[in-house]
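Heads up: the structure comes next, in structure tokens.
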Amino acid sequence: MNAELLLQNLKALKDTFEQEEQNLTQLDRVIGDGDHGVNMLRGFKAVDEKVSGTTISEVLKSTGMTLMSSVGGASGPLYGFSFVKMAGVDEDEITSDNLKSFIDEFKNAVATRGKVTGGEKTMYDVLLKASKHLEEGQPLTNEVLQQFADETKELEATKGRAAYFKKDSVGHIDPGAQSMVYVLNAISKDV
Amino acid sequence: MATIGIISHSNDIAQGVKALLEQMSPSVTVIAKGGTNEGGIGTSIDTVNEVINEMEEDAMLFYDIGSSEMNLEMALDLYEGTLQLYKVDAPIVEGAFLASVSLSTGATIEEAIKSVEKEFS
């Protein structure tokens with residue numbers, strides 16, 4: 001995937017989040033404050049309007065800075081900071097050989113900023129599993145990513161706003177894990 | 001004397017804490033902002049940067065839940081100025097209140113941070 005296609009995929013997330021806004025908001029209403037759908041849509045509307053760049057690095061950095069300013073919830077700094085960190089991976093294209101470097105940078109950034117280690121029912125769980133999946137030489141498909149998000153259903157949240165809901169958080173997919181499916185799909189689907 | 005910075009999910013909370021501190025310790029400068037860029041409930045790194053950009057002296061920075069801490073940490077990581085800025089982990093109202101009283105009674109910023117940490121750790 002070259003920079004142009006990456007830019008196109010990231011801008012297309014505006015449409016994805018328009019479609020999924022209600023679903024994400026519903027997930028977040030059960031175990032959070034019900035604004036994840038609105039926040040992500042606001043972020044990617046801004047990405048659609050403002051992001052530019054002619055290299056992979058420029059596109060990722062511009063996306064990160066835009067998300068930081070416009071999302072509004074915890075996903076703002078988490079996604080924003082991660083895209084900025086991914087911009088540090090110096091590659092001309094995202095390929096099946098180097099995709100893991102981008103995902104790992106993403107994963108480490110979320111771990112640093114969110115102080116998570118995995119199993120806490122957050123977006124990080126999807127990243128951790130995606131990284132392991134790539135390490136095993138398997139391709140990241142939308143189905144695989146969705147399965148990783150589905151697996152957060154059985155976990156009890158111990159980080160983020162959902163942690164306040166304790167046992168009541170079990171039985172629901174984490175909204176951040178669900179939005180991560182779309183974001184990772186945009187980065188990996190044309191690789 | 002040091003400044004106190006307040007970052008909240010709600011601008012009303014930020015302004016409320018500022019009003020409370022200023023009544024108890026009017027000599028301490030308090031810079032408080034909250035909410036998203038659109039004025040809703042939430043936080044943004046821009047809000048934190050606006051607080052930091054108004055600082056003219058070393059400061060203790062207080063935050064409330066979740067993303068305000070992440071945005072504050074990120075803004076401090078990216079800060080390139082010369083002031084000493086400290087993120088303080090304490091309840092936003094009680095922590096900032098104790099800090100402002102400490103500063104107003106002549107404590108240094110280090111002493112004020114210590115007294116807050118002692119009370120809330």
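Labels for the structure tokens follow display order: chains A, B, ..., residues from 1 in each chain, ligands from 1.
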
Checklist entry - When the cut-off is 9 Å and we count only C-alpha atoms, which residues of chain A are near chain B, given as a PyMOL selection string? => result chain A and resi 68-78+81+113-114+160-161

Same residues, all heavy atoms, output as a short mmCIF file (atom, residue, chain, number, x, y, z; two decimals), in the first residue's frame:
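Writing the result to out24.cif gives the following:
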data_model
loop_
_atom_site.label_atom_id
_atom_site.label_comp_id
_atom_site.auth_asym_id
_atom_site.auth_seq_id
_atom_site.Cartn_x
_atom_site.Cartn_y
_atom_site.Cartn_z
N MET A 68 -5.61 13.73 17.56
CA MET A 68 -5.31 14.26 18.89
C MET A 68 -6.19 15.45 19.22
O MET A 68 -6.69 15.59 20.33
CB MET A 68 -3.86 14.75 18.94
CG MET A 68 -2.88 13.78 19.47
SD MET A 68 -1.31 14.66 19.59
CE MET A 68 -0.20 13.32 19.25
N SER A 69 -6.35 16.33 18.26
CA SER A 69 -7.10 17.57 18.50
C SER A 69 -8.59 17.39 18.42
O SER A 69 -9.33 18.18 19.00
CB SER A 69 -6.73 18.63 17.46
OG SER A 69 -5.39 18.91 17.52
N SER A 70 -9.05 16.39 17.69
CA SER A 70 -10.47 16.42 17.37
C SER A 70 -11.32 15.32 17.98
O SER A 70 -12.54 15.44 18.00
CB SER A 70 -10.65 16.40 15.85
OG SER A 70 -9.99 15.29 15.32
N VAL A 71 -10.72 14.26 18.52
CA VAL A 71 -11.57 13.14 18.98
C VAL A 71 -12.31 13.47 20.28
O VAL A 71 -13.51 13.30 20.38
CB VAL A 71 -10.77 11.83 19.11
CG1 VAL A 71 -11.63 10.75 19.74
CG2 VAL A 71 -10.32 11.37 17.74
N GLY A 72 -11.58 13.95 21.29
CA GLY A 72 -12.27 14.41 22.50
C GLY A 72 -12.32 13.45 23.67
O GLY A 72 -12.36 13.86 24.79
N GLY A 73 -12.31 12.15 23.43
CA GLY A 73 -12.28 11.19 24.53
C GLY A 73 -10.89 10.60 24.68
O GLY A 73 -9.95 11.10 24.08
N ALA A 74 -10.77 9.52 25.45
CA ALA A 74 -9.46 8.89 25.65
C ALA A 74 -8.91 8.36 24.33
O ALA A 74 -7.70 8.24 24.16
CB ALA A 74 -9.57 7.75 26.65
N SER A 75 -9.80 8.06 23.38
CA SER A 75 -9.32 7.56 22.09
C SER A 75 -8.52 8.61 21.33
O SER A 75 -7.73 8.26 20.47
CB SER A 75 -10.49 7.12 21.21
OG SER A 75 -11.64 6.96 21.95
N GLY A 76 -8.72 9.87 21.64
CA GLY A 76 -7.98 10.95 20.97
C GLY A 76 -6.49 10.84 21.19
O GLY A 76 -5.72 10.64 20.24
N PRO A 77 -6.05 10.92 22.45
CA PRO A 77 -4.61 10.75 22.69
C PRO A 77 -4.11 9.36 22.32
O PRO A 77 -2.99 9.23 21.82
CB PRO A 77 -4.45 11.00 24.19
CG PRO A 77 -5.81 11.05 24.77
CD PRO A 77 -6.77 11.37 23.65
N LEU A 78 -4.91 8.33 22.51
CA LEU A 78 -4.44 6.97 22.22
C LEU A 78 -4.23 6.76 20.72
O LEU A 78 -3.16 6.36 20.29
CB LEU A 78 -5.43 5.93 22.77
CG LEU A 78 -5.45 5.82 24.29
CD1 LEU A 78 -6.62 4.97 24.76
CD2 LEU A 78 -4.14 5.24 24.82
N PHE A 81 -1.58 9.76 19.34
CA PHE A 81 -0.19 9.50 19.68
C PHE A 81 0.34 8.30 18.88
O PHE A 81 1.47 8.31 18.39
CB PHE A 81 -0.11 9.24 21.19
CG PHE A 81 1.25 8.91 21.72
CD1 PHE A 81 2.27 9.86 21.73
CD2 PHE A 81 1.52 7.65 22.26
CE1 PHE A 81 3.52 9.55 22.25
CE2 PHE A 81 2.77 7.34 22.78
CZ PHE A 81 3.77 8.28 22.77
N ARG A 113 0.94 5.03 26.44
CA ARG A 113 0.00 6.11 26.75
C ARG A 113 -1.13 5.62 27.65
O ARG A 113 -1.58 6.31 28.54
CB ARG A 113 -0.54 6.67 25.42
CG ARG A 113 -1.15 8.03 25.48
CD ARG A 113 -0.32 9.05 26.21
NE ARG A 113 0.76 9.62 25.44
CZ ARG A 113 1.84 10.18 26.00
NH1 ARG A 113 1.97 10.22 27.29
NH2 ARG A 113 2.79 10.68 25.25
N GLY A 114 -1.61 4.40 27.40
CA GLY A 114 -2.76 3.90 28.15
C GLY A 114 -2.39 3.09 29.37
O GLY A 114 -3.27 2.69 30.13
N GLY A 160 -9.60 1.97 31.95
CA GLY A 160 -10.52 2.84 31.22
C GLY A 160 -11.85 3.01 31.95
O GLY A 160 -12.04 2.52 33.06
N ARG A 161 -12.74 3.73 31.28
CA ARG A 161 -14.02 4.07 31.91
C ARG A 161 -14.84 2.82 32.24
O ARG A 161 -15.56 2.77 33.23
CB ARG A 161 -14.81 4.98 30.96
CG ARG A 161 -15.87 5.84 31.60
CD ARG A 161 -15.31 7.00 32.39
NE ARG A 161 -14.57 7.95 31.59
CZ ARG A 161 -15.15 8.94 30.91
NH1 ARG A 161 -16.43 9.11 30.95
NH2 ARG A 161 -14.41 9.79 30.22
#

Next on the checklist: With DSSP run on the backbone, what are the strand (DSSP E or B) residues within chain B? I'd like them as a PyMOL selection string.
Outcome noted: chain B and resi 3-8+30-34+59-63+85-87

Keeping N, CA and C atoms, export the residues of the selection given above as a PDB file, in the first residue's frame.
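Generated file (part-v2.pdb):
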ATOM      1  N   THR B   3       2.559  28.572  39.655  1.00  0.00           N
ATOM      2  CA  THR B   3       1.187  28.643  39.158  1.00  0.00           C
ATOM      3  C   THR B   3       0.528  27.268  39.299  1.00  0.00           C
ATOM      4  N   ILE B   4      -0.781  27.280  39.365  1.00  0.00           N
ATOM      5  CA  ILE B   4      -1.518  26.012  39.358  1.00  0.00           C
ATOM      6  C   ILE B   4      -2.321  25.914  38.060  1.00  0.00           C
ATOM      7  N   GLY B   5      -2.198  24.782  37.384  1.00  0.00           N
ATOM      8  CA  GLY B   5      -2.957  24.537  36.159  1.00  0.00           C
ATOM      9  C   GLY B   5      -4.027  23.490  36.424  1.00  0.00           C
ATOM     10  N   ILE B   6      -5.209  23.724  35.879  1.00  0.00           N
ATOM     11  CA  ILE B   6      -6.328  22.794  36.055  1.00  0.00           C
ATOM     12  C   ILE B   6      -6.832  22.377  34.675  1.00  0.00           C
ATOM     13  N   ILE B   7      -6.871  21.058  34.441  1.00  0.00           N
ATOM     14  CA  ILE B   7      -7.406  20.543  33.176  1.00  0.00           C
ATOM     15  C   ILE B   7      -8.539  19.578  33.505  1.00  0.00           C
ATOM     16  N   SER B   8      -9.708  19.856  33.012  1.00  0.00           N
ATOM     17  CA  SER B   8     -10.842  18.988  33.320  1.00  0.00           C
ATOM     18  C   SER B   8     -11.602  18.604  32.057  1.00  0.00           C
ATOM     19  N   VAL B  30      -4.042  30.833  39.032  1.00  0.00           N
ATOM     20  CA  VAL B  30      -4.648  29.570  38.612  1.00  0.00           C
ATOM     21  C   VAL B  30      -5.072  29.708  37.148  1.00  0.00           C
ATOM     22  N   ILE B  31      -4.602  28.789  36.303  1.00  0.00           N
ATOM     23  CA  ILE B  31      -5.010  28.790  34.900  1.00  0.00           C
ATOM     24  C   ILE B  31      -5.814  27.510  34.681  1.00  0.00           C
ATOM     25  N   ALA B  32      -7.075  27.680  34.330  1.00  0.00           N
ATOM     26  CA  ALA B  32      -7.974  26.527  34.279  1.00  0.00           C
ATOM     27  C   ALA B  32      -8.738  26.488  32.970  1.00  0.00           C
ATOM     28  N   LYS B  33      -8.745  25.303  32.351  1.00  0.00           N
ATOM     29  CA  LYS B  33      -9.536  25.118  31.133  1.00  0.00           C
ATOM     30  C   LYS B  33     -10.055  23.691  31.080  1.00  0.00           C
ATOM     31  N   GLY B  34     -11.154  23.521  30.371  1.00  0.00           N
ATOM     32  CA  GLY B  34     -11.694  22.176  30.250  1.00  0.00           C
ATOM     33  C   GLY B  34     -12.600  22.045  29.050  1.00  0.00           C
ATOM     34  N   ALA B  59       4.954  25.343  37.277  1.00  0.00           N
ATOM     35  CA  ALA B  59       3.560  25.062  37.602  1.00  0.00           C
ATOM     36  C   ALA B  59       3.317  23.624  38.015  1.00  0.00           C
ATOM     37  N   MET B  60       2.269  23.466  38.832  1.00  0.00           N
ATOM     38  CA  MET B  60       1.733  22.149  39.178  1.00  0.00           C
ATOM     39  C   MET B  60       0.457  21.992  38.374  1.00  0.00           C
ATOM     40  N   LEU B  61       0.320  20.871  37.700  1.00  0.00           N
ATOM     41  CA  LEU B  61      -0.851  20.681  36.848  1.00  0.00           C
ATOM     42  C   LEU B  61      -1.720  19.545  37.369  1.00  0.00           C
ATOM     43  N   PHE B  62      -2.995  19.857  37.537  1.00  0.00           N
ATOM     44  CA  PHE B  62      -3.962  18.872  38.027  1.00  0.00           C
ATOM     45  C   PHE B  62      -4.942  18.520  36.917  1.00  0.00           C
ATOM     46  N   TYR B  63      -5.441  17.282  36.958  1.00  0.00           N
ATOM     47  CA  TYR B  63      -6.334  16.791  35.895  1.00  0.00           C
ATOM     48  C   TYR B  63      -7.427  15.958  36.546  1.00  0.00           C
ATOM     49  N   LEU B  85       7.305  22.022  34.646  1.00  0.00           N
ATOM     50  CA  LEU B  85       5.874  21.741  34.745  1.00  0.00           C
ATOM     51  C   LEU B  85       5.692  20.337  35.310  1.00  0.00           C
ATOM     52  N   TYR B  86       4.900  20.239  36.367  1.00  0.00           N
ATOM     53  CA  TYR B  86       4.730  18.948  37.035  1.00  0.00           C
ATOM     54  C   TYR B  86       3.286  18.481  36.974  1.00  0.00           C
ATOM     55  N   LYS B  87       3.071  17.263  36.491  1.00  0.00           N
ATOM     56  CA  LYS B  87       1.756  16.635  36.587  1.00  0.00           C
ATOM     57  C   LYS B  87       1.638  16.094  38.003  1.00  0.00           C
TER      58      LYS B  87
END

Item to check | Selection near Ser25 (chain B), 12 Å with only C-alpha atoms, sequence-local residues under 3 positions removed, as an MDAnalysis selection string | outcome: chainID B and resid 3:4 17:22 28:30 96:106

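One finds CA of Gln19 (chain A) at 26.0 Å from CA of Ala157 (chain A).
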
Checklist entry - Residues at most 9 Å from Ser52 (chain A), counting only C-alpha atoms, excluding those fewer than 3 positions away in the same chain, as a VMD selection string? => result chain A and resid 7 47 49 58 to 59 62 to 63

Checklist entry - Do you have the CA of Leu67 (chain A)-CA of Ile13 (chain B) distance handy? => result 24.3 Å

Checklist entry - Counting only C-alpha atoms, what is within 12 Å of Asp97 (chain A), bar same-chain residues fewer than 6 positions away, as a list in words? => result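 My reading of the contact set: Met1, Glu91, Ile103, Leu134, Glu135, Gly137, Gln138, Pro139, Ser188 and Val191 of chain A.
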
Next on the checklist: Can you measure CA of Thr54 (chain A) to CA of Glu80 (chain B) for me? One decimal in Å is fine.
Outcome noted: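 Straight-line distance from CA of Thr54 (chain A) to CA of Glu80 (chain B) works out to 27.6 Å.
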